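Student: I am sharing query.csv, which consists of CSV, C-alpha atoms:
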chain,number,residue,atom,x,y,z
A,1,MET,CA,22.9,-4.5,-52.1
A,2,ILE,CA,23.6,-8.2,-52.3
A,3,GLU,CA,20.5,-10.4,-51.9
A,4,GLN,CA,20.9,-13.4,-49.7
A,5,LYS,CA,19.9,-16.6,-51.4
A,6,ILE,CA,18.1,-19.3,-49.4
A,7,THR,CA,20.1,-22.4,-49.7
A,8,PHE,CA,19.1,-25.9,-48.7
A,9,ASP,CA,21.5,-25.8,-45.8
A,10,SER,CA,20.2,-22.5,-44.4
A,11,PHE,CA,16.6,-23.9,-44.8
A,12,ILE,CA,17.5,-27.0,-42.8
A,13,ARG,CA,19.2,-24.8,-40.1
A,14,TRP,CA,16.1,-22.6,-39.8
A,15,LEU,CA,13.8,-25.7,-39.8
A,16,VAL,CA,15.9,-27.3,-37.0
A,17,THR,CA,15.9,-24.1,-35.0
A,18,ALA,CA,12.1,-23.8,-35.3
A,19,LEU,CA,11.7,-27.4,-34.2
A,20,ILE,CA,14.0,-26.9,-31.3
A,21,ILE,CA,12.1,-23.7,-30.2
A,22,GLY,CA,8.8,-25.6,-30.6
A,23,GLY,CA,10.1,-28.5,-28.6
A,24,VAL,CA,11.3,-26.2,-25.8
A,25,LEU,CA,7.9,-24.5,-25.7
A,26,TYR,CA,6.1,-27.8,-25.5
A,27,PHE,CA,8.5,-29.0,-22.8
A,28,ILE,CA,7.9,-25.9,-20.8
A,29,ASN,CA,4.1,-26.2,-21.2
A,30,TYR,CA,4.3,-29.9,-20.2
A,31,LEU,CA,6.3,-29.1,-17.1
A,32,SER,CA,4.5,-25.8,-16.3
A,33,SER,CA,3.2,-27.1,-12.9
A,34,VAL,CA,6.7,-27.9,-11.9
A,35,LEU,CA,8.4,-24.9,-13.4
A,36,LEU,CA,5.9,-22.4,-12.0
A,37,PRO,CA,7.1,-22.6,-8.4
A,38,PHE,CA,10.7,-22.2,-9.6
A,39,ALA,CA,9.7,-19.1,-11.6
A,40,ILE,CA,7.8,-17.5,-8.8
A,41,GLY,CA,10.6,-18.3,-6.4
A,42,TRP,CA,13.1,-16.6,-8.7
A,43,LEU,CA,10.8,-13.6,-8.9
A,44,PHE,CA,10.6,-13.3,-5.1
A,45,ALA,CA,14.4,-13.7,-4.9
A,46,TYR,CA,14.8,-11.0,-7.5
A,47,LEU,CA,12.6,-8.6,-5.4
A,48,LEU,CA,14.2,-9.4,-2.1
A,49,TYR,CA,17.8,-9.4,-3.3
A,50,PRO,CA,18.3,-5.6,-2.8
A,51,LEU,CA,17.1,-6.0,0.8
A,52,VAL,CA,19.4,-8.9,1.4
A,53,CYS,CA,22.3,-6.9,0.1
A,54,PHE,CA,21.4,-4.0,2.3
A,55,VAL,CA,21.3,-6.2,5.4
A,56,GLN,CA,24.5,-8.0,4.5
A,57,TYR,CA,26.7,-5.1,3.4
A,58,LYS,CA,25.2,-2.0,4.9
A,59,MET,CA,24.3,-3.6,8.2
A,60,ARG,CA,27.6,-5.6,8.1
A,61,VAL,CA,26.1,-9.0,8.6
A,62,LYS,CA,29.0,-11.4,7.9
A,63,TYR,CA,27.2,-14.3,6.1
A,64,ARG,CA,24.4,-14.5,3.5
A,65,PHE,CA,22.3,-17.0,5.5
A,66,PRO,CA,21.5,-14.7,8.5
A,67,SER,CA,21.0,-11.8,6.0
A,68,ILE,CA,18.3,-13.8,4.3
A,69,VAL,CA,16.7,-14.7,7.6
A,70,ILE,CA,16.7,-11.1,8.8
A,71,THR,CA,15.2,-10.0,5.5
A,72,LEU,CA,12.4,-12.5,5.7
A,73,ILE,CA,11.7,-11.6,9.3
A,74,PHE,CA,11.5,-7.9,8.3
A,75,VAL,CA,9.1,-8.7,5.3
A,76,ILE,CA,6.9,-10.9,7.6
A,77,VAL,CA,6.7,-8.1,10.1
A,78,VAL,CA,5.7,-5.6,7.5
A,79,ILE,CA,3.1,-7.9,6.0
A,80,GLY,CA,1.8,-8.7,9.5
A,81,GLY,CA,1.5,-4.9,10.2
A,82,VAL,CA,-0.5,-4.4,7.1
A,83,VAL,CA,-2.7,-7.4,7.9
A,84,TYR,CA,-3.2,-6.0,11.4
A,85,LEU,CA,-4.4,-2.7,10.0
A,86,ILE,CA,-6.9,-4.5,7.7
A,87,ILE,CA,-8.1,-7.8,9.3
A,88,PRO,CA,-9.1,-6.8,12.9
A,89,PRO,CA,-11.3,-3.9,11.7
A,90,PHE,CA,-13.0,-6.4,9.3
A,91,ILE,CA,-13.6,-8.8,12.2
A,92,GLU,CA,-15.0,-6.0,14.2
A,93,GLU,CA,-17.4,-5.0,11.4
A,94,PHE,CA,-18.5,-8.7,11.1
A,95,ASN,CA,-19.3,-8.7,14.8
A,96,LYS,CA,-21.3,-5.5,14.3
A,97,LEU,CA,-23.2,-7.2,11.5
A,98,GLY,CA,-24.0,-10.1,13.8
A,99,LEU,CA,-25.4,-7.8,16.4
A,100,VAL,CA,-27.5,-5.9,13.8
A,101,ILE,CA,-28.9,-9.2,12.4
A,102,ASN,CA,-29.7,-10.5,15.9
A,103,LYS,CA,-31.4,-7.2,16.7
A,104,TYR,CA,-33.4,-7.3,13.5
A,105,VAL,CA,-34.6,-10.9,14.2
A,106,ASN,CA,-35.6,-10.0,17.7
A,107,GLU,CA,-37.6,-7.0,16.6
A,108,THR,CA,-39.4,-8.9,13.7
A,109,THR,CA,-40.0,-12.3,15.4
A,110,HIS,CA,-40.2,-11.1,19.0
A,111,VAL,CA,-37.9,-14.0,20.0
A,112,SER,CA,-35.1,-13.2,22.5
A,113,ASP,CA,-33.4,-16.7,22.5
A,114,ILE,CA,-32.9,-17.8,18.9
A,115,PRO,CA,-31.2,-21.2,19.7
A,116,SER,CA,-34.1,-22.2,22.0
A,117,ALA,CA,-36.6,-21.1,19.4
A,118,ILE,CA,-35.0,-23.3,16.8
A,119,GLN,CA,-34.9,-26.3,19.1
A,120,GLN,CA,-38.6,-25.8,20.0
A,121,TRP,CA,-39.5,-25.6,16.3
A,122,ILE,CA,-37.7,-28.9,15.6
A,123,SER,CA,-39.4,-30.7,18.4
A,124,ASN,CA,-42.8,-29.4,17.2
A,125,ASN,CA,-42.2,-30.5,13.6
A,126,GLN,CA,-40.3,-33.7,14.2
A,127,ASN,CA,-42.7,-36.0,12.3
A,128,GLU,CA,-42.7,-33.7,9.2
A,129,ILE,CA,-38.9,-33.6,9.3
A,130,GLU,CA,-38.6,-37.4,9.4
A,131,LYS,CA,-41.0,-37.7,6.5
A,132,PHE,CA,-38.9,-35.3,4.5
A,133,PHE,CA,-35.7,-37.2,5.1
A,134,LYS,CA,-37.4,-40.5,4.0
A,135,SER,CA,-39.0,-39.0,0.9
A,136,LYS,CA,-37.9,-39.5,-2.7
A,137,ASP,CA,-37.2,-35.8,-3.1
A,138,PHE,CA,-34.5,-35.9,-0.4
A,139,SER,CA,-32.8,-38.9,-1.9
A,140,ASP,CA,-32.8,-37.3,-5.3
A,141,ALA,CA,-31.3,-34.2,-3.8
A,142,ILE,CA,-28.6,-36.3,-2.2
A,143,LYS,CA,-27.8,-37.9,-5.5
A,144,THR,CA,-27.5,-34.5,-7.2
A,145,ALA,CA,-25.4,-33.1,-4.4
A,146,MET,CA,-22.8,-35.9,-4.1
A,147,PRO,CA,-20.9,-35.0,-7.3
A,148,LYS,CA,-20.7,-31.4,-6.0
A,149,VAL,CA,-19.3,-32.8,-2.7
A,150,PHE,CA,-16.6,-34.7,-4.5
A,151,SER,CA,-15.9,-31.7,-6.6
A,152,PHE,CA,-15.5,-29.7,-3.4
A,153,LEU,CA,-13.1,-32.3,-2.0
A,154,GLY,CA,-11.1,-32.2,-5.2
A,155,GLN,CA,-10.8,-28.4,-4.8
A,156,THR,CA,-9.7,-28.8,-1.2
A,157,ALA,CA,-7.0,-31.2,-2.4
A,158,SER,CA,-5.9,-28.7,-5.0
A,159,ILE,CA,-5.7,-26.1,-2.2
A,160,ILE,CA,-3.5,-28.4,-0.2
A,161,ILE,CA,-1.3,-29.0,-3.2
A,162,SER,CA,-1.0,-25.2,-3.7
A,163,ILE,CA,0.1,-24.8,-0.1
A,164,ILE,CA,2.8,-27.5,-0.6
A,165,ALA,CA,3.8,-25.7,-3.9
A,166,SER,CA,4.1,-22.5,-1.9
A,167,ALA,CA,6.4,-24.1,0.5
A,168,ILE,CA,8.5,-25.4,-2.4
A,169,THR,CA,8.5,-21.9,-3.8
A,170,LEU,CA,9.9,-20.5,-0.6
A,171,LEU,CA,12.7,-23.1,-0.7
A,172,TYR,CA,13.5,-22.2,-4.3
A,173,MET,CA,13.6,-18.5,-3.2
A,174,PHE,CA,15.9,-19.2,-0.3
A,175,PHE,CA,18.4,-21.3,-2.2
A,176,ILE,CA,18.4,-18.8,-5.2
A,177,LEU,CA,19.2,-16.0,-2.8
A,178,MET,CA,22.1,-18.0,-1.2
A,179,ASP,CA,23.9,-18.1,-4.6
A,180,TYR,CA,22.2,-15.2,-6.4
A,181,GLU,CA,25.4,-13.6,-7.8
A,182,TYR,CA,26.7,-17.0,-9.1
A,183,LEU,CA,23.4,-17.9,-10.8
A,184,THR,CA,22.9,-14.5,-12.4
A,185,GLU,CA,26.4,-14.4,-13.8
A,186,ASN,CA,26.7,-18.0,-15.0
A,187,TRP,CA,23.2,-18.8,-16.4
A,188,ILE,CA,24.5,-17.6,-19.8
A,189,ARG,CA,26.7,-20.7,-20.0
A,190,ILE,CA,23.7,-22.9,-20.9
A,191,PHE,CA,23.8,-21.4,-24.4
A,192,PRO,CA,26.5,-21.9,-27.0
A,193,LYS,CA,29.2,-19.2,-27.1
A,194,LYS,CA,28.0,-18.1,-30.5
A,195,SER,CA,24.5,-17.1,-29.3
A,196,ARG,CA,25.5,-15.8,-25.8
A,197,PRO,CA,25.8,-12.1,-26.8
A,198,PHE,CA,22.2,-12.1,-28.1
A,199,TRP,CA,20.8,-13.7,-24.9
A,200,ASN,CA,23.0,-11.5,-22.7
A,201,GLU,CA,21.6,-8.4,-24.4
A,202,LEU,CA,18.0,-9.7,-24.3
A,203,MET,CA,18.2,-10.5,-20.6
A,204,GLY,CA,19.7,-7.0,-20.0
A,205,ASP,CA,16.7,-5.5,-21.6
A,206,VAL,CA,14.4,-7.8,-19.6
A,207,LYS,CA,16.1,-6.8,-16.3
A,208,ARG,CA,16.0,-3.1,-17.1
A,209,GLU,CA,12.4,-3.1,-18.2
A,210,LEU,CA,11.4,-5.2,-15.2
A,211,ASN,CA,13.1,-2.8,-12.8
A,212,ASN,CA,11.3,0.1,-14.5
A,213,TYR,CA,7.9,-1.7,-14.4
A,214,ILE,CA,8.2,-2.6,-10.7
A,215,ARG,CA,9.1,0.9,-9.7
A,216,GLY,CA,6.4,2.5,-11.8
A,217,GLN,CA,3.6,0.1,-10.8
A,218,GLY,CA,4.6,0.4,-7.2
A,219,LEU,CA,4.3,4.2,-7.4
A,220,VAL,CA,0.9,3.9,-9.2
A,221,ALA,CA,-0.4,1.5,-6.5
A,222,LEU,CA,0.8,3.9,-3.8
A,223,THR,CA,-1.0,6.8,-5.5
A,224,MET,CA,-4.2,4.8,-5.9
A,225,GLY,CA,-4.1,3.7,-2.2
A,226,VAL,CA,-3.7,7.3,-1.1
A,227,LEU,CA,-6.6,8.5,-3.4
A,228,PHE,CA,-8.9,5.8,-2.1
A,229,CYS,CA,-8.1,6.6,1.5
A,230,ILE,CA,-8.9,10.3,0.9
A,231,GLY,CA,-12.1,9.5,-1.1
A,232,PHE,CA,-13.5,7.0,1.4
A,233,SER,CA,-12.7,9.4,4.3
A,234,ILE,CA,-14.6,12.3,2.6
A,235,ILE,CA,-17.8,10.2,2.2
A,236,GLY,CA,-17.4,8.8,5.8
A,237,PHE,CA,-17.1,5.2,4.6
A,238,PRO,CA,-16.4,2.5,7.2
A,239,MET,CA,-12.7,1.4,7.4
A,240,ALA,CA,-11.7,4.1,5.0
A,241,ILE,CA,-7.9,3.9,5.6
A,242,GLY,CA,-7.8,0.1,5.9
A,243,LEU,CA,-9.8,-0.4,2.7
A,244,GLY,CA,-7.7,2.2,0.8
A,245,ILE,CA,-4.5,0.3,1.9
A,246,LEU,CA,-6.0,-3.0,0.8
A,247,ILE,CA,-6.9,-1.6,-2.7
A,248,GLY,CA,-3.4,-0.1,-3.1
A,249,ILE,CA,-1.8,-3.4,-2.3
A,250,MET,CA,-4.2,-5.2,-4.7
A,251,ASP,CA,-3.3,-2.8,-7.5
A,252,LEU,CA,0.3,-4.0,-7.5
A,253,VAL,CA,-1.3,-6.5,-9.9
A,254,PRO,CA,-3.0,-4.2,-12.5
A,255,TYR,CA,-6.8,-4.1,-12.2
A,256,LEU,CA,-6.9,-6.7,-9.4
A,257,HIS,CA,-8.3,-3.9,-7.1
A,258,THR,CA,-11.7,-4.2,-8.8
A,259,LEU,CA,-12.3,-7.3,-6.6
A,260,ALA,CA,-12.3,-4.8,-3.7
A,261,LEU,CA,-15.9,-4.0,-4.7
A,262,ILE,CA,-17.0,-7.1,-2.8
A,263,PRO,CA,-15.9,-5.9,0.7
A,264,THR,CA,-17.0,-2.4,-0.3
A,265,ALA,CA,-20.5,-3.7,-0.8
A,266,PHE,CA,-20.4,-5.5,2.5
A,267,LEU,CA,-19.3,-2.4,4.4
A,268,ALA,CA,-22.0,-0.3,2.7
A,269,LEU,CA,-24.6,-2.9,3.7
A,270,LEU,CA,-23.3,-2.8,7.3
A,271,LYS,CA,-23.3,1.0,7.4
A,272,ALA,CA,-26.9,1.1,6.1
A,273,ALA,CA,-28.0,-1.4,8.7
A,274,ASP,CA,-26.2,0.4,11.5
A,275,THR,CA,-27.3,4.0,10.6
A,276,GLY,CA,-30.6,3.4,8.9
A,277,GLN,CA,-29.4,5.1,5.7
A,278,ASN,CA,-30.3,3.9,2.2
A,279,PHE,CA,-27.9,1.1,1.1
A,280,TRP,CA,-28.0,2.1,-2.6
A,281,ILE,CA,-27.0,5.7,-1.7
A,282,ILE,CA,-24.0,4.6,0.4
A,283,PHE,CA,-22.9,2.0,-2.1
A,284,GLY,CA,-23.4,4.5,-5.0
A,285,MET,CA,-21.2,7.0,-3.3
A,286,ALA,CA,-18.5,4.3,-2.8
A,287,VAL,CA,-18.8,3.3,-6.5
A,288,ALA,CA,-18.5,7.0,-7.5
A,289,VAL,CA,-15.2,7.1,-5.5
A,290,PHE,CA,-14.1,4.0,-7.5
A,291,CYS,CA,-15.0,5.6,-10.8
A,292,ILE,CA,-13.3,9.0,-10.0
A,293,VAL,CA,-10.1,7.4,-8.7
A,294,GLN,CA,-10.0,5.0,-11.7
A,295,VAL,CA,-10.4,7.9,-14.2
A,296,ILE,CA,-7.6,9.8,-12.5
A,297,ILE,CA,-5.3,6.8,-12.5
A,298,ASP,CA,-6.0,5.7,-16.1
A,299,MET,CA,-6.0,9.2,-17.6
A,300,PHE,CA,-3.2,10.9,-15.7
A,301,VAL,CA,-1.2,8.8,-13.2
A,302,THR,CA,-0.6,5.7,-15.3
A,303,PRO,CA,0.3,7.4,-18.5
A,304,LYS,CA,2.6,9.9,-16.7
A,305,ILE,CA,4.4,7.4,-14.4
A,306,MET,CA,4.4,4.2,-16.4
A,307,GLY,CA,4.9,6.0,-19.7
A,308,LYS,CA,8.0,7.7,-18.4
A,309,ALA,CA,9.2,4.5,-16.6
A,310,MET,CA,8.7,2.2,-19.6
A,311,ASN,CA,9.7,4.9,-22.2
A,312,LEU,CA,6.3,4.5,-23.9
A,313,ASN,CA,3.9,7.1,-25.4
A,314,PRO,CA,0.6,7.1,-23.4
A,315,ALA,CA,-1.3,6.0,-26.5
A,316,ILE,CA,1.0,3.1,-27.1
A,317,LEU,CA,0.8,2.2,-23.4
A,318,LEU,CA,-3.0,2.0,-23.5
A,319,LEU,CA,-3.0,0.2,-26.8
A,320,SER,CA,-0.6,-2.4,-25.4
A,321,LEU,CA,-2.8,-3.0,-22.3
A,322,SER,CA,-5.8,-3.5,-24.6
A,323,VAL,CA,-4.0,-5.8,-27.1
A,324,TRP,CA,-2.3,-8.1,-24.5
A,325,GLY,CA,-5.4,-8.1,-22.3
A,326,ALA,CA,-7.5,-9.3,-25.3
A,327,LEU,CA,-4.9,-12.0,-26.2
A,328,LEU,CA,-4.0,-13.3,-22.7
A,329,GLY,CA,-6.7,-12.0,-20.5
A,330,PHE,CA,-5.7,-11.1,-16.9
A,331,ILE,CA,-2.2,-12.3,-17.3
A,332,GLY,CA,-1.8,-10.2,-20.4
A,333,LEU,CA,-2.6,-7.0,-18.4
A,334,ILE,CA,0.2,-8.0,-16.0
A,335,ILE,CA,2.9,-8.5,-18.6
A,336,ALA,CA,1.7,-6.0,-21.2
A,337,LEU,CA,4.0,-3.1,-20.5
A,338,PRO,CA,7.4,-4.9,-19.9
A,339,LEU,CA,6.7,-7.3,-22.8
A,340,THR,CA,5.8,-4.4,-25.2
A,341,THR,CA,8.9,-2.5,-24.3
A,342,ILE,CA,11.1,-5.6,-24.7
A,343,LEU,CA,9.6,-6.3,-28.1
A,344,ILE,CA,10.2,-2.7,-29.2
A,345,ALA,CA,13.8,-2.8,-28.0
A,346,TYR,CA,14.3,-6.1,-29.8
A,347,TYR,CA,12.8,-4.7,-33.0
A,348,GLN,CA,15.0,-1.6,-32.9
A,349,ARG,CA,18.2,-3.5,-32.1
A,350,TYR,CA,18.0,-6.5,-34.4
A,351,ILE,CA,15.5,-5.6,-37.2
A,352,THR,CA,15.9,-1.9,-37.9
A,353,LYS,CA,19.4,-1.8,-36.4
A,354,GLU,CA,18.7,1.4,-34.5
A,355,THR,CA,20.6,2.4,-31.4
A,356,VAL,CA,18.6,1.7,-28.3
A,357,VAL,CA,19.1,4.4,-25.7
A,358,ASN,CA,19.4,2.8,-22.3
A,359,ALA,CA,17.0,4.4,-19.8
A,360,ASP,CA,19.6,3.8,-17.0
A,361,LEU,CA,22.3,5.9,-18.6
A,362,PRO,CA,23.3,9.1,-16.7
A,363,HIS,CA,22.0,12.4,-18.1
A,364,VAL,CA,25.5,13.5,-19.1
A,365,GLU,CA,26.1,10.4,-21.3
A,366,MET,CA,22.7,11.0,-23.0
A,367,GLU,CA,23.7,14.6,-23.8
A,368,GLU,CA,27.0,13.4,-25.2
A,369,GLN,CA,25.2,11.0,-27.5
A,370,ASP,CA,22.9,13.8,-28.7
A,371,ARG,CA,25.8,16.1,-29.5
A,372,GLU,CA,27.5,13.3,-31.5
Re-express the file's structure as structure tokens.
Tutor:
Amino acid sequence: MIEQKITFDSFIRWLVTALIIGGVLYFINYLSSVLLPFAIGWLFAYLLYPLVCFVQYKMRVKYRFPSIVITLIFVIVVIGGVVYLIIPPFIEEFNKLGLVINKYVNETTHVSDIPSAIQQWISNNQNEIEKFFKSKDFSDAIKTAMPKVFSFLGQTASIIISIIASAITLLYMFFILMDYEYLTENWIRIFPKKSRPFWNELMGDVKRELNNYIRGQGLVALTMGVLFCIGFSIIGFPMAIGLGILIGIMDLVPYLHTLALIPTAFLALLKAADTGQNFWIIFGMAVAVFCIVQVIIDMFVTPKIMGKAMNLNPAILLLSLSVWGALLGFIGLIIALPLTTILIAYYQRYITKETVVNADLPHVEMEEQDRE
């Protein structure tokens, strides 16, 4: 075996390559606020492209533009249907909560008209209220609160900017879908011809693993939603079906469904106020459903579905979630499985020089490879 000597020219080439990679990463980080809408728009276009193709070629719509419009209308209708199943019941529950609070106030204070009682209290204590507004304590409280008000206004401005960015993201998605085939076939031309095979193979791995991840995570989220619907229905929890659907949708992003504990606590409080049952018993039963479903998903469903989809051993799958979650937090949980699979494929292909079996190959071709 001939050892490769490190020459001055090869050292310079590696140094220049490292500097270029570092410069590109710095440039991407510097323009992250601009590039993020484009990246999200591309992801949405990637997800909607099969539907657009179905509308254009299977439904025989002649042009791409009306195909995209029909697809977007279909997606909006589906999202609207899901929102209709979730939001109106929540509004109804809020109305019930208002009635319960009003009833409680009437029974404890023996006041039937709350607005009139408040107005009467203000008129009876007008002098004390005026003294409070003129006092030093009130002025100090105003000085303390003003920075928080400006902070709130700044957050409101950021929300408006986010809405504008969302509109830009939709524009990106629309224009990417218009020329999706051209963009996906010709993006490789931004690289020199010498390095195109590497990037082509790498992006092939990314596309394959992303497809597997989306299919697998979608099936896991569907299973979780069904299990929560069943569990909440068994304990007689309010909005059992709607809350289960909401949790299933939230689980499309791994572990985001834990935020559903907030509306769960609210619904438990409402049921306790409406029926007179102990709040902690109701909420404890709901938390028990969360724990049982989470154990089933983590111990059986995720390793079985995602392990098969991503071609990872369940132990490696759980380890990758732990490592990337510790390194990158919540974002690490999202990208853990596809990134781990891509790194393993890259290591086998370019470091150990092993043959990477494509998960998308037909069964017959895989058997032929085994016989060889």
Student: Pick out the residues sitting within 12 Å of A:Gly231, and hand them over as a PyMOL selection string; count all atoms listed in the file, and ignore anything fewer than 2 positions along from it in its own chain.
Tutor: chain A and resi 224-229+233-241+243-244+285-294
Student: Closest to A:Ala39 among A:Ile168, A:Ile190, A:Val77, A:Met250, using only C-alpha atoms?
Tutor: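 Using only C-alpha atoms, A:Ala39 sits closest to A:Ile168.
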Student: How many Å lie between atom CA of A:Leu318 and atom CA of A:Pro303, rounded to one decimal?
Tutor: 8.1 Å
Student: To one decimal place, how far is atom CA of A:Phe266 from atom CA of A:Ile282 in Å?
Tutor: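 Separating atom CA of A:Phe266 from atom CA of A:Ile282 is a distance of 10.9 Å.
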Student: Here is a test: counting only C-alpha atoms, which residue of A:Ile79, A:Ile20, A:Pro254, A:Leu36 is nearest to A:Gly325?
Tutor: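 Once distances to A:Gly325 are computed over only C-alpha atoms, the minimum belongs to A:Pro254.
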Student: Suppose you want the space between atom CA of A:Ile21 and atom CA of A:Glu201; what is it in Å?
Tutor: 18.9 Å
Student: So that I can check the surroundings of A:Tyr172, please list as a PyMOL selection string every protein, DNA and RNA residue that reaches within 8 Å of it, counting all atoms listed in the file and ignoring chain neighbours fewer than 3 positions away.
Tutor: chain A and resi 37-38+41-42+168-169+175-176
Student: For A:Phe44, which residue out of A:Leu171, A:Gln217, A:Val323, A:Ala268 is the nearest one, using all atoms listed in the file?
Tutor: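 Of A:Leu171, A:Gln217, A:Val323, A:Ala268, the one nearest A:Phe44, counting all atoms listed in the file, is A:Leu171.
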Student: Using all atoms listed in the file for the distances, tell me which of A:Met299, A:Leu267, A:Ile305, A:Ala260 is nearest to A:Gly216.
Tutor: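 Of A:Met299, A:Leu267, A:Ile305, A:Ala260, the one nearest A:Gly216 is A:Ile305, counting all atoms listed in the file.
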Student: Between A:Val83, A:Leu19, A:Asp205, A:Leu219, which residue has the minimum interatomic distance to A:Leu343, considering all atoms listed in the file?
Tutor: A:Asp205
Student: How would stretch 189-203 of chain A look with N, CA, C and O atoms restored, written as a short mmCIF file (atom, residue, chain, number, x, y, z; two decimals), keeping the file's coordinate frame?
Tutor:
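Writing done, so here's result09.cif:
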data_model
loop_
_atom_site.label_atom_id
_atom_site.label_comp_id
_atom_site.auth_asym_id
_atom_site.auth_seq_id
_atom_site.Cartn_x
_atom_site.Cartn_y
_atom_site.Cartn_z
N ARG A 189 25.88 -19.59 -19.55
CA ARG A 189 26.70 -20.70 -20.00
C ARG A 189 25.85 -21.89 -20.53
O ARG A 189 26.41 -22.81 -21.13
N ILE A 190 24.56 -21.85 -20.32
CA ILE A 190 23.70 -22.90 -20.90
C ILE A 190 23.55 -22.79 -22.37
O ILE A 190 23.13 -23.74 -23.04
N PHE A 191 23.91 -21.63 -22.92
CA PHE A 191 23.80 -21.40 -24.40
C PHE A 191 25.16 -21.55 -25.03
O PHE A 191 26.20 -21.32 -24.39
N PRO A 192 25.20 -21.89 -26.32
CA PRO A 192 26.50 -21.90 -27.00
C PRO A 192 27.12 -20.54 -27.06
O PRO A 192 26.43 -19.51 -27.02
N LYS A 193 28.46 -20.50 -27.14
CA LYS A 193 29.20 -19.20 -27.10
C LYS A 193 28.74 -18.30 -28.23
O LYS A 193 28.73 -17.08 -28.07
N LYS A 194 28.38 -18.88 -29.36
CA LYS A 194 28.00 -18.10 -30.50
C LYS A 194 26.74 -17.25 -30.26
O LYS A 194 26.61 -16.12 -30.76
N SER A 195 25.80 -17.79 -29.49
CA SER A 195 24.50 -17.10 -29.30
C SER A 195 24.48 -16.37 -27.92
O SER A 195 23.46 -15.76 -27.59
N ARG A 196 25.57 -16.41 -27.15
CA ARG A 196 25.50 -15.80 -25.80
C ARG A 196 25.36 -14.26 -25.88
O ARG A 196 24.63 -13.70 -25.04
N PRO A 197 25.99 -13.54 -26.81
CA PRO A 197 25.80 -12.10 -26.80
C PRO A 197 24.31 -11.70 -27.01
O PRO A 197 23.83 -10.77 -26.36
N PHE A 198 23.58 -12.44 -27.86
CA PHE A 198 22.20 -12.10 -28.10
C PHE A 198 21.38 -12.32 -26.77
O PHE A 198 20.61 -11.44 -26.37
N TRP A 199 21.55 -13.46 -26.10
CA TRP A 199 20.80 -13.70 -24.90
C TRP A 199 21.22 -12.79 -23.75
O TRP A 199 20.40 -12.39 -22.92
N ASN A 200 22.49 -12.41 -23.73
CA ASN A 200 23.00 -11.50 -22.70
C ASN A 200 22.30 -10.12 -22.88
O ASN A 200 21.84 -9.51 -21.90
N GLU A 201 22.23 -9.64 -24.13
CA GLU A 201 21.60 -8.40 -24.40
C GLU A 201 20.10 -8.42 -24.12
O GLU A 201 19.50 -7.49 -23.56
N LEU A 202 19.48 -9.53 -24.52
CA LEU A 202 18.00 -9.70 -24.30
C LEU A 202 17.69 -9.69 -22.82
O LEU A 202 16.76 -9.00 -22.38
N MET A 203 18.47 -10.42 -22.03
CA MET A 203 18.20 -10.50 -20.60
C MET A 203 18.52 -9.13 -19.93
O MET A 203 17.91 -8.77 -18.92
#
